[in-house]
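Source file start.cif; content: mmCIF, C-alpha atoms.
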```cif
data_query
loop_
_atom_site.label_atom_id
_atom_site.label_comp_id
_atom_site.auth_asym_id
_atom_site.auth_seq_id
_atom_site.Cartn_x
_atom_site.Cartn_y
_atom_site.Cartn_z
CA MET A 95 0.00 0.00 0.00
CA LYS A 96 0.94 3.66 -0.34
CA VAL A 97 1.05 4.55 3.34
CA GLY A 98 1.52 7.94 4.98
CA PHE A 99 2.65 8.53 8.55
CA ILE A 100 2.63 11.68 10.69
CA GLY A 101 4.03 11.72 14.21
CA LEU A 102 7.57 10.33 14.18
CA GLY A 103 8.21 10.33 17.92
CA ASP A 104 9.29 7.51 20.22
CA GLN A 105 6.13 5.57 19.42
CA GLY A 106 5.35 6.63 15.86
CA ALA A 107 8.80 6.28 14.30
CA PRO A 108 9.13 2.54 15.05
CA MET A 109 5.64 1.97 13.62
CA ALA A 110 6.60 3.84 10.46
CA ARG A 111 9.86 1.89 10.23
CA MET A 112 7.99 -1.40 10.34
CA LEU A 113 5.60 -0.28 7.60
CA ALA A 114 8.59 0.48 5.37
CA ARG A 115 10.27 -2.83 6.21
CA ALA A 116 7.08 -4.69 5.34
CA GLY A 117 7.38 -3.35 1.79
CA HIS A 118 4.79 -0.59 1.86
CA GLU A 119 5.52 2.64 0.01
CA LEU A 120 6.05 4.98 2.97
CA HIS A 121 5.46 8.74 2.88
CA ALA A 122 6.25 10.77 6.03
CA TRP A 123 5.81 14.30 7.28
CA ALA A 124 7.43 15.74 10.41
CA ARG A 125 7.38 19.19 11.99
CA ARG A 126 11.11 19.06 12.68
CA GLU A 127 14.15 17.64 10.92
CA ALA A 128 14.83 15.34 13.87
CA GLY A 129 11.64 13.51 13.05
CA TYR A 130 13.00 12.39 9.68
CA ALA A 131 16.27 11.36 11.31
CA ALA A 132 14.27 8.75 13.23
CA LEU A 133 13.73 6.97 9.89
CA ASP A 134 17.41 6.88 8.88
CA GLY A 135 18.14 3.72 6.93
CA GLU A 136 14.55 3.21 5.76
CA ARG A 137 13.21 3.90 2.29
CA PHE A 138 10.58 6.65 2.43
CA THR A 139 9.44 9.85 0.74
CA ARG A 140 9.43 13.16 2.60
CA ALA A 141 6.20 15.09 2.15
CA GLY A 142 6.26 18.87 2.00
CA SER A 143 3.10 19.19 4.09
CA PRO A 144 0.29 17.07 5.54
CA ALA A 145 -1.78 17.91 2.47
CA ASP A 146 1.00 16.77 0.12
CA LEU A 147 1.23 13.50 2.00
CA ALA A 148 -2.54 13.00 1.89
CA GLY A 149 -2.65 13.36 -1.88
CA ALA A 150 -0.23 10.46 -2.35
CA CYS A 151 -1.52 7.85 0.09
CA GLU A 152 -4.23 5.20 0.40
CA MET A 153 -3.80 4.93 4.17
CA ILE A 154 -2.49 7.46 6.69
CA GLY A 155 -1.43 6.82 10.29
CA LEU A 156 -1.52 9.75 12.72
CA CYS A 157 0.40 9.44 15.99
CA VAL A 158 0.41 12.87 17.66
CA ARG A 159 -0.15 13.87 21.28
CA ASP A 160 -3.73 14.96 21.91
CA ASP A 161 -7.11 16.16 20.63
CA SER A 162 -5.83 19.57 19.60
CA GLY A 163 -2.90 18.05 17.72
CA VAL A 164 -5.18 15.68 15.83
CA ARG A 165 -7.60 18.49 14.88
CA GLU A 166 -4.72 20.73 13.81
CA ILE A 167 -3.19 18.20 11.42
CA VAL A 168 -6.42 16.79 10.03
CA LEU A 169 -8.62 19.87 9.82
CA GLU A 170 -6.42 22.98 9.97
CA ARG A 171 -3.41 21.83 7.93
CA GLY A 172 -5.52 20.39 5.13
CA LEU A 173 -4.91 16.66 5.58
CA LEU A 174 -8.55 15.61 5.32
CA GLU A 175 -9.33 18.01 2.50
CA ALA A 176 -6.50 16.54 0.40
CA MET A 177 -7.15 12.84 1.13
CA LEU A 178 -8.02 10.61 -1.81
CA PRO A 179 -11.54 9.15 -2.14
CA ASP A 180 -11.86 5.84 -0.25
CA ALA A 181 -8.57 6.48 1.63
CA VAL A 182 -8.32 5.50 5.29
CA LEU A 183 -7.16 7.67 8.19
CA LEU A 184 -6.03 5.83 11.33
CA VAL A 185 -5.85 7.84 14.56
CA HIS A 186 -3.13 6.11 16.60
CA ALA A 187 -2.97 8.86 19.23
CA THR A 188 -4.75 8.42 22.56
CA VAL A 189 -7.49 11.02 22.27
CA SER A 190 -11.17 11.37 23.13
CA PRO A 191 -13.68 9.08 21.42
CA GLU A 192 -15.63 12.22 20.56
CA VAL A 193 -12.85 13.74 18.45
CA CYS A 194 -12.67 10.49 16.44
CA ARG A 195 -16.42 10.62 15.82
CA GLU A 196 -16.07 14.28 14.85
CA LEU A 197 -13.43 13.39 12.27
CA GLY A 198 -15.54 10.49 11.04
CA ALA A 199 -18.49 12.81 10.42
CA ALA A 200 -16.29 15.31 8.58
CA ALA A 201 -14.70 12.55 6.49
CA ARG A 202 -17.91 10.89 5.34
CA GLY A 203 -18.81 13.80 3.12
CA ARG A 204 -15.48 13.42 1.32
CA GLY A 205 -15.67 9.66 0.85
CA VAL A 206 -12.86 9.11 3.36
CA HIS A 207 -12.86 6.48 6.13
CA VAL A 208 -11.68 7.08 9.72
CA LEU A 209 -10.63 4.37 12.16
CA ASP A 210 -9.40 5.00 15.68
CA ALA A 211 -6.49 2.68 16.34
CA PRO A 212 -4.64 3.61 19.55
CA VAL A 213 -1.68 1.47 20.56
CA SER A 214 -0.14 0.11 23.74
CA GLY A 215 3.27 -1.36 24.43
CA GLY A 216 5.82 1.23 23.33
CA GLY A 217 8.20 1.59 20.42
CA ALA A 218 10.18 -1.54 21.28
CA LYS A 219 7.04 -3.66 20.92
CA ALA A 220 6.39 -2.13 17.49
CA LEU A 221 9.85 -3.23 16.33
CA GLU A 222 9.04 -6.74 17.58
CA ARG A 223 5.72 -6.74 15.70
CA ALA A 224 4.08 -7.12 19.11
CA LEU A 225 2.32 -3.79 19.62
CA ALA A 226 -1.23 -4.05 20.97
CA VAL A 227 -3.56 -2.21 18.57
CA MET A 228 -7.28 -1.77 19.27
CA VAL A 229 -9.39 -0.54 16.38
CA GLY A 230 -12.78 1.15 16.27
CA GLY A 231 -14.79 1.84 13.13
CA ASP A 232 -16.20 0.03 10.12
CA ALA A 233 -15.18 -3.65 10.25
CA ALA A 234 -14.84 -3.96 6.47
CA VAL A 235 -12.50 -0.95 6.34
CA PHE A 236 -10.48 -2.49 9.16
CA GLU A 237 -10.05 -5.68 7.13
CA ARG A 238 -8.76 -3.63 4.21
CA VAL A 239 -5.93 -2.14 6.26
CA ARG A 240 -5.27 -5.16 8.49
CA PRO A 241 -2.32 -6.40 6.37
CA ALA A 242 -0.55 -3.06 6.79
CA LEU A 243 -1.20 -2.88 10.54
CA GLU A 244 0.17 -6.39 10.95
CA ALA A 245 3.58 -4.90 10.14
CA PHE A 246 3.79 -3.82 13.79
CA ALA A 247 0.70 -5.16 15.59
CA ASP A 248 0.01 -8.32 17.58
CA PRO A 249 -2.53 -8.50 19.08
CA LEU A 250 -4.60 -6.56 16.55
CA ARG A 251 -8.33 -6.48 17.27
CA HIS A 252 -11.41 -4.73 15.98
CA VAL A 253 -13.25 -3.77 19.20
CA GLY A 254 -16.37 -1.92 18.03
CA PRO A 255 -17.66 1.21 16.28
CA LEU A 256 -15.70 4.41 15.75
CA GLY A 257 -14.43 5.61 19.15
CA ALA A 258 -14.36 2.11 20.66
CA GLY A 259 -10.60 1.81 20.21
CA GLN A 260 -10.11 4.90 22.34
CA ILE A 261 -12.43 3.59 25.05
CA CYS A 262 -10.47 0.32 25.11
CA LYS A 263 -7.17 2.22 25.38
CA LEU A 264 -8.46 4.49 28.16
CA LEU A 265 -9.62 1.52 30.22
CA ASN A 266 -6.20 -0.08 29.71
CA ASN A 267 -4.48 3.10 30.85
CA ALA A 268 -6.78 3.53 33.83
CA LEU A 269 -5.76 0.07 35.04
CA TYR A 270 -2.11 0.95 34.47
CA HIS A 271 -2.30 4.18 36.48
CA ALA A 272 -4.31 2.60 39.29
CA ASN A 273 -1.88 -0.34 39.50
CA TRP A 274 1.08 2.05 39.47
CA TRP A 275 -0.32 3.89 42.45
CA LEU A 276 -0.99 0.66 44.34
CA ALA A 277 2.54 -0.58 43.63
CA HIS A 278 3.96 2.72 44.88
CA GLU A 279 1.83 2.52 48.03
CA ALA A 280 3.06 -1.03 48.66
CA ARG A 281 6.69 0.11 48.43
CA GLU A 282 6.06 2.99 50.84
CA LEU A 283 4.28 0.76 53.35
CA GLY A 284 7.14 -1.71 53.13
CA ALA A 285 9.69 1.04 53.79
CA ARG A 286 7.75 2.14 56.89
CA ALA A 287 7.91 -1.44 58.10
CA GLY A 288 11.68 -1.51 57.61
CA LEU A 289 11.75 -3.49 54.35
CA ASP A 290 14.32 -2.83 51.67
CA PRO A 291 12.30 -1.38 48.70
CA GLY A 292 14.44 -3.15 46.10
CA ALA A 293 14.11 -6.50 47.82
CA LEU A 294 10.36 -6.06 48.22
CA THR A 295 9.98 -5.22 44.54
CA GLU A 296 12.04 -8.26 43.52
CA ILE A 297 9.96 -10.60 45.65
CA VAL A 298 6.60 -9.19 44.53
CA ARG A 299 7.70 -9.25 40.90
CA ALA A 300 8.24 -13.02 41.23
CA GLY A 301 5.02 -13.54 43.18
CA SER A 302 1.28 -13.22 42.66
CA GLY A 303 1.36 -9.43 43.09
CA ALA A 304 3.46 -8.89 39.95
CA SER A 305 2.32 -6.34 37.36
CA PHE A 306 3.73 -4.22 34.55
CA SER A 307 3.17 -1.15 36.73
CA LEU A 308 5.41 -2.60 39.43
CA ASP A 309 8.25 -2.81 36.92
CA VAL A 310 8.02 0.91 36.09
CA VAL A 311 7.02 2.29 39.48
CA GLU A 312 10.18 4.42 39.65
CA ARG A 313 9.02 6.61 36.77
CA GLY A 314 6.90 8.70 39.09
CA ALA A 315 6.35 12.29 37.99
CA ALA A 316 7.74 11.57 34.52
CA ALA A 317 4.43 9.86 33.77
CA LEU A 318 2.32 12.74 35.12
CA PRO A 319 1.41 14.58 31.86
CA HIS A 320 0.13 11.44 30.16
CA ALA A 321 -1.62 10.28 33.33
CA LEU A 322 -3.46 13.57 33.75
CA LYS A 323 -4.52 13.57 30.10
CA ASP A 324 -5.83 10.01 30.33
CA VAL A 325 -7.81 10.63 33.50
CA GLY A 326 -9.30 13.79 32.02
CA LEU A 327 -10.46 11.78 29.02
CA LEU A 328 -11.83 9.08 31.33
CA GLU A 329 -13.75 11.68 33.32
CA ASP A 330 -15.37 12.90 30.11
CA LEU A 331 -16.21 9.32 29.14
CA SER A 332 -17.61 8.61 32.60
CA ALA A 333 -19.89 11.63 32.30
CA GLU A 334 -21.02 10.51 28.84
CA LEU A 335 -21.87 7.03 30.13
CA ALA A 336 -23.28 8.30 33.46
CA ALA A 337 -20.80 6.01 35.23
CA ASP A 338 -18.83 6.51 38.43
CA ASP A 339 -16.87 3.36 39.09
CA GLY A 340 -13.98 2.35 41.30
CA LEU A 341 -11.55 2.11 38.39
CA LEU A 342 -11.93 5.79 37.51
CA ARG A 343 -11.66 6.82 41.15
CA ALA A 344 -8.50 4.76 41.61
CA ALA A 345 -6.89 6.22 38.48
CA ALA A 346 -7.85 9.75 39.55
CA ARG A 347 -6.36 9.15 43.00
CA ALA A 348 -3.14 7.97 41.38
CA CYS A 349 -2.90 11.19 39.37
CA ALA A 350 -3.66 13.32 42.42
CA ASP A 351 -0.77 11.55 44.15
CA PHE A 352 1.51 12.16 41.13
CA ARG A 353 0.67 15.85 41.26
CA ARG A 354 1.11 16.15 45.04
CA ARG A 355 4.57 14.60 44.93
CA ALA A 356 5.66 16.67 41.94
CA ASP A 357 4.53 19.87 43.67
CA ALA A 358 6.29 18.90 46.88
CA ALA A 359 9.63 18.22 45.20
CA PRO A 360 9.76 20.14 41.89
CA GLY A 361 12.41 18.88 39.52
CA GLU A 362 13.14 15.80 41.62
CA GLY A 363 10.36 13.50 40.42
CA ALA A 364 7.88 11.57 42.51
#
```
As a first step, turn the structure in this file into structure tokens.
Amino acid sequence: MKVGFIGLGDQGAPMARMLARAGHELHAWARREAGYAALDGERFTRAGSPADLAGACEMIGLCVRDDSGVREIVLERGLLEAMLPDAVLLVHATVSPEVCRELGAAARGRGVHVLDAPVSGGGAKALERALAVMVGGDAAVFERVRPALEAFADPLRHVGPLGAGQICKLLNNALYHANWWLAHEARELGARAGLDPGALTEIVRAGSGASFSLDVVERGAAALPHALKDVGLLEDLSAELAADDGLLRAAARACADFRRRADAAPGEGA
């Protein structure tokens, strides 16, 4: 396929690399020169603008930071307007389900398809073809682009209508943040009881209390911006669904703890 990719950061660049290595004709656009450097060694075409990229591609992956970034690229910089009829836009960023539905509505009038396809696992997983990708939108359109997504995705699942991929990702992230906070609390309680934090972590990692969050518990305040964004999106989703469950409360408490520690020791991390 002729595939475009925008968002060549730590997550997006490995995904784009794998598309090129799978034999797809890759077109890329980056705001800064450093973005293109992330594709050194791969065969790809540099686009002069998002609109230039859109006019050359059957499928476009977008991996930017947030709702405003997605709207800017797709609506303000002319990406959607320049997309070819029957082309597919995949929103890989973690954004609100509503912004994906908004793009879907705008795209229908132009004969363009939108799928939300957020990812989980990090750039290393993409290079191993083991990135978890959850896709919302038309199932037939998903099947069309499945072979391209398999360049970096496993598991790769269609989870429901447009916006469902984002809901799946937000629930995943809520569990991550809540588990992170619980792992941090366990380490603090252990320290109060005189336990060596490293030894406690090693034992729990090998026991029934193991989790991915336990392995990255030292990240602390470095995870705060993403955590706050995710919980904000979850709060919006909770209001939409008229839900107030323990998972959301636990994730929100984790973020409140992130913020408290960051404020108490600025520049030192939580």
Considering only C-alpha atoms, return as a tab-separated table (two decimals) with C-alpha atoms, in the coordinates of the input whatever protein or nucleic-acid residues lie within 6 Å of region 339-351 of chain A, sequence-local ones (same chain, fewer than 2 positions apart) excluded.
```tsv
chain	number	residue	atom	x	y	z
A	268	ALA	CA	-6.78	3.53	33.83
A	271	HIS	CA	-2.30	4.18	36.48
A	272	ALA	CA	-4.31	2.60	39.29
A	275	TRP	CA	-0.32	3.89	42.45
A	353	ARG	CA	0.67	15.85	41.26
A	354	ARG	CA	1.11	16.15	45.04
```
Once the PyMOL selection byres ((chain A and resi 116-129) around 9) has been evaluated on this model, what residues remain selected, and can you format them as a PyMOL selection string? chain A and resi 95-103+107+110-115+130-133+137-144+146-147+150-151+154+242+245
Proximity check region 270-333 of chain A to region 187-195 of chain A, 9 Å, nearest pairs one decimal Å, all atoms listed in the file, as a tab-separated table:
```
residue	atom	partner	partner_atom	distance
A:Lys323	CA	A:Val189	CA	8.8
A:Asp324	CA	A:Thr188	CA	8.0
A:Leu327	CA	A:Ser190	CA	5.9
A:Leu328	CA	A:Ser190	CA	8.5
A:Asp330	CA	A:Ser190	CA	8.3
A:Leu331	CA	A:Ser190	CA	8.1
```
At a cut-off of 12 Å, using all atoms listed in the file, what residues contact Ala304 (chain A)? Leave out same-chain residues fewer than 2 positions from it and give the result as an mmCIF file with C-alpha atoms, in the frame of the given file.
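Once everything was written out, this is around.cif:
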```cif
data_model
loop_
_atom_site.group_PDB
_atom_site.id
_atom_site.type_symbol
_atom_site.label_atom_id
_atom_site.label_comp_id
_atom_site.auth_asym_id
_atom_site.auth_seq_id
_atom_site.Cartn_x
_atom_site.Cartn_y
_atom_site.Cartn_z
ATOM 1 C CA ASN A 273 -1.880 -0.340 39.500
ATOM 2 C CA TRP A 274 1.080 2.050 39.470
ATOM 3 C CA LEU A 276 -0.990 0.660 44.340
ATOM 4 C CA ALA A 277 2.540 -0.580 43.630
ATOM 5 C CA ALA A 280 3.060 -1.030 48.660
ATOM 6 C CA LEU A 294 10.360 -6.060 48.220
ATOM 7 C CA THR A 295 9.980 -5.220 44.540
ATOM 8 C CA GLU A 296 12.040 -8.260 43.520
ATOM 9 C CA ILE A 297 9.960 -10.600 45.650
ATOM 10 C CA VAL A 298 6.600 -9.190 44.530
ATOM 11 C CA ARG A 299 7.700 -9.250 40.900
ATOM 12 C CA ALA A 300 8.240 -13.020 41.230
ATOM 13 C CA GLY A 301 5.020 -13.540 43.180
ATOM 14 C CA SER A 302 1.280 -13.220 42.660
ATOM 15 C CA PHE A 306 3.730 -4.220 34.550
ATOM 16 C CA SER A 307 3.170 -1.150 36.730
ATOM 17 C CA LEU A 308 5.410 -2.600 39.430
ATOM 18 C CA ASP A 309 8.250 -2.810 36.920
ATOM 19 C CA VAL A 310 8.020 0.910 36.090
ATOM 20 C CA VAL A 311 7.020 2.290 39.480
#
```
Write out as a list of chain:residue names the residues lying within 9 Å of Lys263 (chain A), counting all atoms listed in the file and excluding same-chain residues fewer than 6 positions away. A:Thr188, A:Pro212, A:Val213, A:Ser214, A:Val227, A:Met228
Name the residues that the PyMOL selection byres ((chain A and resi 201) around 10) picks from the file above, as a ChimeraX atom specification, using the file's chain letters and numbers. /A:168,174-175,177,179-183,195-200,202-208
Would you mind writing region 134-151 of chain A with N, CA and C atoms, as a PDB file, in the frame of the given file?
```
ATOM      1  N   ASP A 134      16.142   7.132   9.582  1.00  0.00           N
ATOM      2  CA  ASP A 134      17.410   6.880   8.880  1.00  0.00           C
ATOM      3  C   ASP A 134      17.555   5.396   8.577  1.00  0.00           C
ATOM      4  N   GLY A 135      17.932   5.103   7.338  1.00  0.00           N
ATOM      5  CA  GLY A 135      18.140   3.720   6.930  1.00  0.00           C
ATOM      6  C   GLY A 135      16.925   3.087   6.285  1.00  0.00           C
ATOM      7  N   GLU A 136      15.767   3.745   6.365  1.00  0.00           N
ATOM      8  CA  GLU A 136      14.550   3.210   5.760  1.00  0.00           C
ATOM      9  C   GLU A 136      14.276   3.950   4.445  1.00  0.00           C
ATOM     10  N   ARG A 137      13.593   3.275   3.550  1.00  0.00           N
ATOM     11  CA  ARG A 137      13.210   3.900   2.290  1.00  0.00           C
ATOM     12  C   ARG A 137      11.861   4.599   2.481  1.00  0.00           C
ATOM     13  N   PHE A 138      11.825   5.910   2.292  1.00  0.00           N
ATOM     14  CA  PHE A 138      10.580   6.650   2.430  1.00  0.00           C
ATOM     15  C   PHE A 138      10.675   7.960   1.657  1.00  0.00           C
ATOM     16  N   THR A 139       9.521   8.574   1.437  1.00  0.00           N
ATOM     17  CA  THR A 139       9.440   9.850   0.740  1.00  0.00           C
ATOM     18  C   THR A 139       9.024  10.937   1.712  1.00  0.00           C
ATOM     19  N   ARG A 140       9.777  12.026   1.743  1.00  0.00           N
ATOM     20  CA  ARG A 140       9.430  13.160   2.600  1.00  0.00           C
ATOM     21  C   ARG A 140       8.350  13.984   1.935  1.00  0.00           C
ATOM     22  N   ALA A 141       7.280  14.258   2.661  1.00  0.00           N
ATOM     23  CA  ALA A 141       6.200  15.090   2.150  1.00  0.00           C
ATOM     24  C   ALA A 141       6.441  16.537   2.555  1.00  0.00           C
ATOM     25  N   GLY A 142       6.057  17.467   1.688  1.00  0.00           N
ATOM     26  CA  GLY A 142       6.260  18.870   2.000  1.00  0.00           C
ATOM     27  C   GLY A 142       5.279  19.410   3.017  1.00  0.00           C
ATOM     28  N   SER A 143       4.140  18.749   3.155  1.00  0.00           N
ATOM     29  CA  SER A 143       3.100  19.190   4.090  1.00  0.00           C
ATOM     30  C   SER A 143       2.155  18.031   4.328  1.00  0.00           C
ATOM     31  N   PRO A 144       1.299  18.114   5.363  1.00  0.00           N
ATOM     32  CA  PRO A 144       0.290  17.070   5.540  1.00  0.00           C
ATOM     33  C   PRO A 144      -0.596  16.896   4.314  1.00  0.00           C
ATOM     34  N   ALA A 145      -0.936  18.000   3.657  1.00  0.00           N
ATOM     35  CA  ALA A 145      -1.780  17.910   2.470  1.00  0.00           C
ATOM     36  C   ALA A 145      -1.063  17.196   1.330  1.00  0.00           C
ATOM     37  N   ASP A 146       0.230  17.462   1.152  1.00  0.00           N
ATOM     38  CA  ASP A 146       1.000  16.770   0.120  1.00  0.00           C
ATOM     39  C   ASP A 146       1.030  15.268   0.379  1.00  0.00           C
ATOM     40  N   LEU A 147       1.219  14.909   1.630  1.00  0.00           N
ATOM     41  CA  LEU A 147       1.230  13.500   2.000  1.00  0.00           C
ATOM     42  C   LEU A 147      -0.118  12.859   1.705  1.00  0.00           C
ATOM     43  N   ALA A 148      -1.194  13.545   2.061  1.00  0.00           N
ATOM     44  CA  ALA A 148      -2.540  13.000   1.890  1.00  0.00           C
ATOM     45  C   ALA A 148      -2.844  12.700   0.431  1.00  0.00           C
ATOM     46  N   GLY A 149      -2.357  13.547  -0.472  1.00  0.00           N
ATOM     47  CA  GLY A 149      -2.650  13.360  -1.880  1.00  0.00           C
ATOM     48  C   GLY A 149      -1.936  12.200  -2.522  1.00  0.00           C
ATOM     49  N   ALA A 150      -1.018  11.556  -1.782  1.00  0.00           N
ATOM     50  CA  ALA A 150      -0.230  10.460  -2.350  1.00  0.00           C
ATOM     51  C   ALA A 150      -0.524   9.111  -1.728  1.00  0.00           C
ATOM     52  N   CYS A 151      -1.406   9.059  -0.720  1.00  0.00           N
ATOM     53  CA  CYS A 151      -1.520   7.850   0.090  1.00  0.00           C
ATOM     54  C   CYS A 151      -2.927   7.264   0.147  1.00  0.00           C
TER      55      CYS A 151
END
```
